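Coordinates as given in entry-v7.cif (mmCIF, C-alpha atoms):
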```
data_final
loop_
_atom_site.label_atom_id
_atom_site.label_comp_id
_atom_site.auth_asym_id
_atom_site.auth_seq_id
_atom_site.Cartn_x
_atom_site.Cartn_y
_atom_site.Cartn_z
CA GLN A 99 25.04 7.15 -13.64
CA GLN A 100 25.53 8.05 -10.00
CA GLN A 101 23.07 10.84 -9.20
CA VAL A 102 24.72 11.67 -5.87
CA LYS A 103 28.49 11.43 -5.45
CA GLN A 104 29.79 10.91 -1.92
CA SER A 105 33.28 11.08 -0.45
CA PRO A 106 35.33 9.82 1.24
CA GLN A 107 34.54 6.12 1.06
CA SER A 108 35.96 5.61 4.54
CA LEU A 109 37.02 7.90 7.35
CA ILE A 110 38.90 7.34 10.59
CA VAL A 111 38.68 10.04 13.26
CA GLN A 112 39.94 10.31 16.80
CA LYS A 113 37.39 10.64 19.58
CA GLY A 114 36.54 14.31 20.02
CA GLY A 115 37.52 15.19 16.47
CA ILE A 116 35.39 16.50 13.60
CA SER A 117 34.13 14.11 10.93
CA ILE A 118 33.32 15.63 7.54
CA ILE A 119 31.55 13.83 4.71
CA ASN A 120 30.89 15.48 1.36
CA CYS A 121 28.29 14.98 -1.33
CA ALA A 122 27.67 16.51 -4.74
CA TYR A 123 24.76 16.34 -7.14
CA GLU A 124 23.90 17.52 -10.66
CA ASN A 125 20.12 17.48 -10.87
CA THR A 126 18.79 20.91 -9.89
CA ALA A 127 15.31 19.40 -9.50
CA PHE A 128 16.35 17.81 -6.20
CA ASP A 129 14.61 19.63 -3.37
CA TYR A 130 15.40 17.70 -0.22
CA PHE A 131 18.72 16.41 1.05
CA PRO A 132 18.64 13.95 3.97
CA TRP A 133 21.49 12.13 5.66
CA TYR A 134 21.03 8.60 6.90
CA GLN A 135 23.03 6.62 9.45
CA GLN A 136 23.29 2.85 9.14
CA PHE A 137 24.68 0.41 11.70
CA PRO A 138 25.67 -3.14 10.69
CA GLY A 139 22.66 -5.39 10.30
CA LYS A 140 20.22 -2.49 10.51
CA GLY A 141 18.35 -0.42 7.99
CA PRO A 142 19.30 3.23 7.44
CA ALA A 143 17.81 5.75 9.86
CA LEU A 144 17.25 9.44 9.16
CA LEU A 145 19.85 11.57 10.93
CA ILE A 146 19.26 15.12 9.67
CA ALA A 147 17.92 16.75 6.52
CA ILE A 148 18.01 20.11 4.77
CA ARG A 149 16.10 22.00 2.09
CA PRO A 150 17.97 23.91 -0.64
CA ASP A 151 16.69 27.29 0.60
CA VAL A 152 18.74 26.91 3.79
CA SER A 153 22.56 27.08 3.88
CA GLU A 154 23.06 25.33 7.20
CA LYS A 155 21.14 23.18 9.65
CA LYS A 156 22.36 22.04 13.04
CA GLU A 157 20.96 19.36 15.32
CA GLY A 158 23.10 18.65 18.33
CA ARG A 159 26.55 17.56 17.19
CA PHE A 160 25.41 17.12 13.58
CA THR A 161 25.46 19.97 11.04
CA ILE A 162 24.61 20.02 7.35
CA SER A 163 26.23 22.71 5.22
CA PHE A 164 24.57 23.32 1.86
CA ASN A 165 26.03 25.19 -1.12
CA LYS A 166 23.31 25.51 -3.74
CA SER A 167 25.46 27.24 -6.37
CA ALA A 168 28.14 24.54 -6.15
CA LYS A 169 25.53 21.78 -5.85
CA GLN A 170 27.35 20.38 -2.85
CA PHE A 171 26.41 19.55 0.71
CA SER A 172 28.28 18.10 3.62
CA LEU A 173 27.75 16.53 7.01
CA HIS A 174 29.87 17.64 9.94
CA ILE A 175 29.95 15.58 13.12
CA MET A 176 31.42 17.58 15.97
CA ASP A 177 33.04 15.94 19.00
CA SER A 178 32.91 12.55 17.25
CA GLN A 179 32.27 9.60 19.57
CA PRO A 180 32.93 5.86 19.17
CA GLY A 181 29.15 5.37 19.08
CA ASP A 182 29.07 7.43 15.88
CA SER A 183 30.97 4.63 14.11
CA ALA A 184 28.59 3.65 11.31
CA THR A 185 28.03 4.07 7.60
CA TYR A 186 26.61 7.42 6.55
CA PHE A 187 24.64 8.00 3.36
CA CYS A 188 23.69 11.28 1.84
CA ALA A 189 20.61 11.32 -0.34
CA ALA A 190 18.76 13.61 -2.67
CA THR A 191 15.16 13.55 -3.71
CA GLY A 192 12.86 15.27 -6.11
CA ASN A 193 10.55 12.99 -8.02
CA GLN A 194 12.85 10.08 -7.22
CA PHE A 195 15.04 9.18 -4.26
CA TYR A 196 18.80 8.66 -4.71
CA PHE A 197 21.38 7.61 -2.14
CA GLY A 198 25.11 8.28 -2.23
CA THR A 199 27.57 5.41 -2.11
CA GLY A 200 28.16 5.68 1.63
CA THR A 201 31.01 6.59 3.99
CA SER A 202 32.21 4.16 6.62
CA LEU A 203 33.13 6.19 9.70
CA THR A 204 35.30 4.76 12.45
CA VAL A 205 35.87 6.82 15.58
CA ILE A 206 38.89 5.66 17.54
CA PRO A 207 38.67 5.99 21.34
CA GLU B 256 5.03 2.51 17.50
CA ALA B 257 6.20 -0.72 15.87
CA GLY B 258 8.77 -0.36 13.13
CA VAL B 259 8.89 -1.79 9.64
CA ALA B 260 8.97 -5.58 9.78
CA GLN B 261 10.67 -7.75 7.19
CA SER B 262 11.06 -11.50 6.78
CA PRO B 263 13.01 -13.58 6.36
CA ARG B 264 16.14 -11.91 7.68
CA TYR B 265 18.44 -14.18 5.70
CA LYS B 266 17.99 -16.35 2.64
CA ILE B 267 20.41 -18.52 0.70
CA ILE B 268 19.33 -19.93 -2.66
CA GLU B 269 20.90 -21.28 -5.79
CA LYS B 270 20.81 -19.37 -9.05
CA ARG B 271 17.67 -19.85 -11.13
CA GLN B 272 15.61 -20.52 -7.99
CA SER B 273 12.79 -18.26 -6.88
CA VAL B 274 12.59 -16.26 -3.67
CA ALA B 275 10.08 -13.97 -2.00
CA PHE B 276 10.45 -11.32 0.66
CA TRP B 277 7.74 -9.89 2.88
CA CYS B 278 7.34 -6.44 4.36
CA ASN B 279 4.88 -5.02 6.87
CA PRO B 280 5.10 -1.22 7.01
CA ILE B 281 4.40 1.04 9.95
CA SER B 282 0.68 1.22 10.60
CA GLY B 283 -0.97 4.07 8.73
CA HIS B 284 1.92 4.64 6.33
CA ALA B 285 0.55 5.00 2.82
CA THR B 286 3.84 4.78 0.95
CA LEU B 287 6.03 1.70 0.78
CA TYR B 288 9.43 1.36 -0.86
CA TRP B 289 11.65 -1.57 -1.79
CA TYR B 290 15.38 -0.95 -2.10
CA GLN B 291 18.28 -3.14 -3.16
CA GLN B 292 21.55 -2.53 -1.30
CA ILE B 293 24.57 -4.27 -2.77
CA LEU B 294 27.53 -4.62 -0.42
CA GLY B 295 29.50 -1.39 -0.25
CA GLN B 296 26.87 0.66 -2.08
CA GLY B 297 23.98 2.87 -1.19
CA PRO B 298 20.40 1.60 -1.41
CA LYS B 299 18.86 1.70 -4.87
CA LEU B 300 15.12 2.24 -5.16
CA LEU B 301 13.40 -0.67 -6.92
CA ILE B 302 9.75 0.21 -6.55
CA GLN B 303 7.52 2.68 -4.72
CA PHE B 304 3.87 2.09 -3.82
CA GLN B 305 1.27 4.64 -2.80
CA ASN B 306 -1.39 2.58 -1.05
CA ASN B 307 -1.74 -0.38 -3.44
CA GLY B 308 -0.75 1.50 -6.61
CA VAL B 309 2.71 1.69 -8.15
CA VAL B 310 4.20 5.21 -8.19
CA ASP B 311 7.65 4.38 -9.56
CA ASP B 312 9.11 1.09 -10.77
CA SER B 313 11.55 2.49 -13.31
CA GLN B 314 14.55 0.71 -11.77
CA LEU B 315 12.86 -2.63 -11.19
CA PRO B 316 14.23 -5.41 -13.47
CA LYS B 317 10.79 -6.47 -14.57
CA ASP B 318 11.94 -9.57 -16.41
CA ARG B 319 12.74 -11.24 -13.09
CA PHE B 320 11.50 -9.00 -10.27
CA SER B 321 7.90 -8.44 -9.30
CA ALA B 322 6.23 -6.77 -6.34
CA GLU B 323 2.73 -6.32 -5.08
CA ARG B 324 1.01 -4.56 -2.25
CA LEU B 325 -2.41 -6.05 -1.87
CA LYS B 326 -4.92 -4.07 0.23
CA GLY B 327 -2.37 -1.26 0.54
CA VAL B 328 -0.66 -2.70 3.61
CA ASP B 329 1.79 -5.63 3.41
CA SER B 330 3.99 -6.10 0.39
CA THR B 331 5.93 -8.92 -1.20
CA LEU B 332 8.92 -8.71 -3.51
CA LYS B 333 9.70 -11.72 -5.68
CA ILE B 334 12.70 -12.69 -7.74
CA GLN B 335 12.20 -15.40 -10.37
CA PRO B 336 14.67 -16.71 -11.46
CA ALA B 337 17.49 -15.39 -9.27
CA LYS B 338 20.93 -14.54 -10.62
CA LEU B 339 24.25 -14.33 -8.82
CA GLU B 340 24.21 -10.53 -9.10
CA ASP B 341 20.97 -10.40 -7.10
CA SER B 342 22.95 -11.11 -3.93
CA ALA B 343 22.24 -8.05 -1.79
CA VAL B 344 20.25 -6.76 1.15
CA TYR B 345 16.66 -5.96 0.26
CA LEU B 346 15.33 -3.11 2.34
CA CYS B 347 11.73 -2.15 2.82
CA ALA B 348 10.82 1.36 3.96
CA SER B 349 7.58 3.21 4.57
CA SER B 350 6.48 6.80 4.95
CA ARG B 351 3.26 8.60 5.76
CA GLY B 352 2.83 10.05 2.29
CA THR B 353 4.45 10.57 -1.07
CA PRO B 354 5.96 14.05 -0.77
CA SER B 355 9.71 13.75 -1.12
CA ARG B 356 10.32 15.32 2.27
CA GLU B 357 8.46 12.66 4.18
CA THR B 358 10.79 10.67 6.41
CA GLN B 359 11.31 7.10 5.30
CA TYR B 360 11.54 4.47 8.02
CA PHE B 361 13.54 1.40 7.10
CA GLY B 362 13.20 -2.19 8.17
CA PRO B 363 16.24 -4.33 9.05
CA GLY B 364 16.42 -5.83 5.58
CA THR B 365 16.60 -9.32 4.12
CA ARG B 366 20.08 -10.49 3.24
CA LEU B 367 19.99 -12.64 0.09
CA LEU B 368 22.88 -14.80 -1.06
CA VAL B 369 22.57 -16.44 -4.47
CA LEU B 370 25.01 -19.32 -5.04
#
```
Write-out of the structure in structure tokens:
Amino acid sequence: QQQVKQSPQSLIVQKGGISIINCAYENTAFDYFPWYQQFPGKGPALLIAIRPDVSEKKEGRFTISFNKSAKQFSLHIMDSQPGDSATYFCAATGNQFYFGTGTSLTVIP
Amino acid sequence: EAGVAQSPRYKIIEKRQSVAFWCNPISGHATLYWYQQILGQGPKLLIQFQNNGVVDDSQLPKDRFSAERLKGVDSTLKIQPAKLEDSAVYLCASSRGTPSRETQYFGPGTRLLVL
């Protein structure tokens, strides 16, 4: 059973555009929701994270929007750049740590 | 600060053979994690250590997988015997402590191909 559902599986965005990746969860015991960025041949690296008592968190061009009642959260990448091309994973953690299935983002110059 | 080190980076074995992976976490990090990442999927937690004790191994296939963290520093993950479906990248991560909000730092992974 997939604890965290992520969509879309792949995303192609023009340079300067907005990339949006969505995740949903069921377990209300989750209390921390990080996003990880992974480049080919590398391990995932923490990008940004949010707690469920906050509806939005912004760090530079990256923003997490969190909807506790809907049990959904999303990552928005503003002014997307070719260097942002990577695989993005949402995750949720409480007593255990669960990753989403990943979104392959390609930013076209 | 040195990152999480893993070796080997790549390994090719035949099914039913044994294989072992090594991980050296960031200095001072008490918690160590092993993940399995199958191509096209997100990492799946196999086992979590706090110092040299096991915190969570509920998703570790214990009939063939084993892991240890002697002296609470380095760790090894072993598969014996390997199956075709074990082909994946095995990621090691470490964090300062066990609280869920602690940032996990990942190594580059070991890519295993079972033929």
Practice prompt. For A:Lys113, please output as a PyMOL selection string all residues within 6 Å (counting only C-alpha atoms; exclusion window: fewer than 3 positions along the same chain).
Written response: chain A and resi 178-179+205-207
Practice prompt. Counting only C-alpha atoms, collect the residues of chain B whose closest atom lies at most 8 Å from chain A, and write them out as JSON, numbers by chain.
Written response: {"B": [295, 296, 297, 298, 299, 300, 346, 355, 356, 358, 359, 360, 361, 362, 363, 364]}
Worksheet entry | Shell around stretch 275-290 of chain B at 9 Å using only C-alpha atoms, local window under 5 positions removed, as a ChimeraX atom specification | /B:256-263,298-307,322,324,327-335,344-353,359-362,365
Tell me, as a short mmCIF file (atom, residue, chain, number, x, y, z; two decimals) with C-alpha atoms, keeping the file's coordinate frame, which residues lie within 7 Å of stretch 159-171 of chain A, counting only C-alpha atoms; anything in the same chain fewer than 2 positions away does not count.
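Just written: selection_8.cif:
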```cif
data_model
loop_
_atom_site.label_atom_id
_atom_site.label_comp_id
_atom_site.auth_asym_id
_atom_site.auth_seq_id
_atom_site.Cartn_x
_atom_site.Cartn_y
_atom_site.Cartn_z
CA ASN A 120 30.89 15.48 1.36
CA CYS A 121 28.29 14.98 -1.33
CA ALA A 122 27.67 16.51 -4.74
CA TYR A 123 24.76 16.34 -7.14
CA GLU A 124 23.90 17.52 -10.66
CA PRO A 150 17.97 23.91 -0.64
CA SER A 153 22.56 27.08 3.88
CA GLU A 154 23.06 25.33 7.20
CA LYS A 155 21.14 23.18 9.65
CA LYS A 156 22.36 22.04 13.04
CA GLU A 157 20.96 19.36 15.32
CA LEU A 173 27.75 16.53 7.01
CA HIS A 174 29.87 17.64 9.94
CA ILE A 175 29.95 15.58 13.12
CA MET A 176 31.42 17.58 15.97
CA ASP A 177 33.04 15.94 19.00
#
```
Fill in: Straight-line distance linking atom CA of B:Val369 with atom CA of A:Ser108, stated in Å to one decimal
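Separating atom CA of B:Val369 from atom CA of A:Ser108 is a distance of 27.3 Å.
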Could you give me the centre and size, in Å to one decimal, of an axis-aligned box around all listed atoms of stretch 329-339 of chain B with 5 Å added on every side, as lines of an AutoDock Vina configuration file?
```
center_x = 13.0
center_y = -11.2
center_z = -4.0
size_x = 32.5
size_y = 21.1
size_z = 24.9
```
Item to complete: Enter the distance from atom CA of A:Gly158 to atom CA of A:Lys103, in Å, rounded to one decimal.
Response: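 Atom CA of A:Gly158 sits 25.4 Å away from atom CA of A:Lys103.
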Discussion item. Report, in Å with one decimal, the straight-line distance from atom CA of B:Pro316 to atom CA of B:Ala337.
Written reply: 11.3 Å
Discussion item. Which residues would end up in the selection if the PyMOL selection byres ((chain B and resi 343) around 7) were applied here, given that I need the answer as an NGL selection string?
Written reply: :B and (291-294 or 341-342 or 344-345 or 366-368)
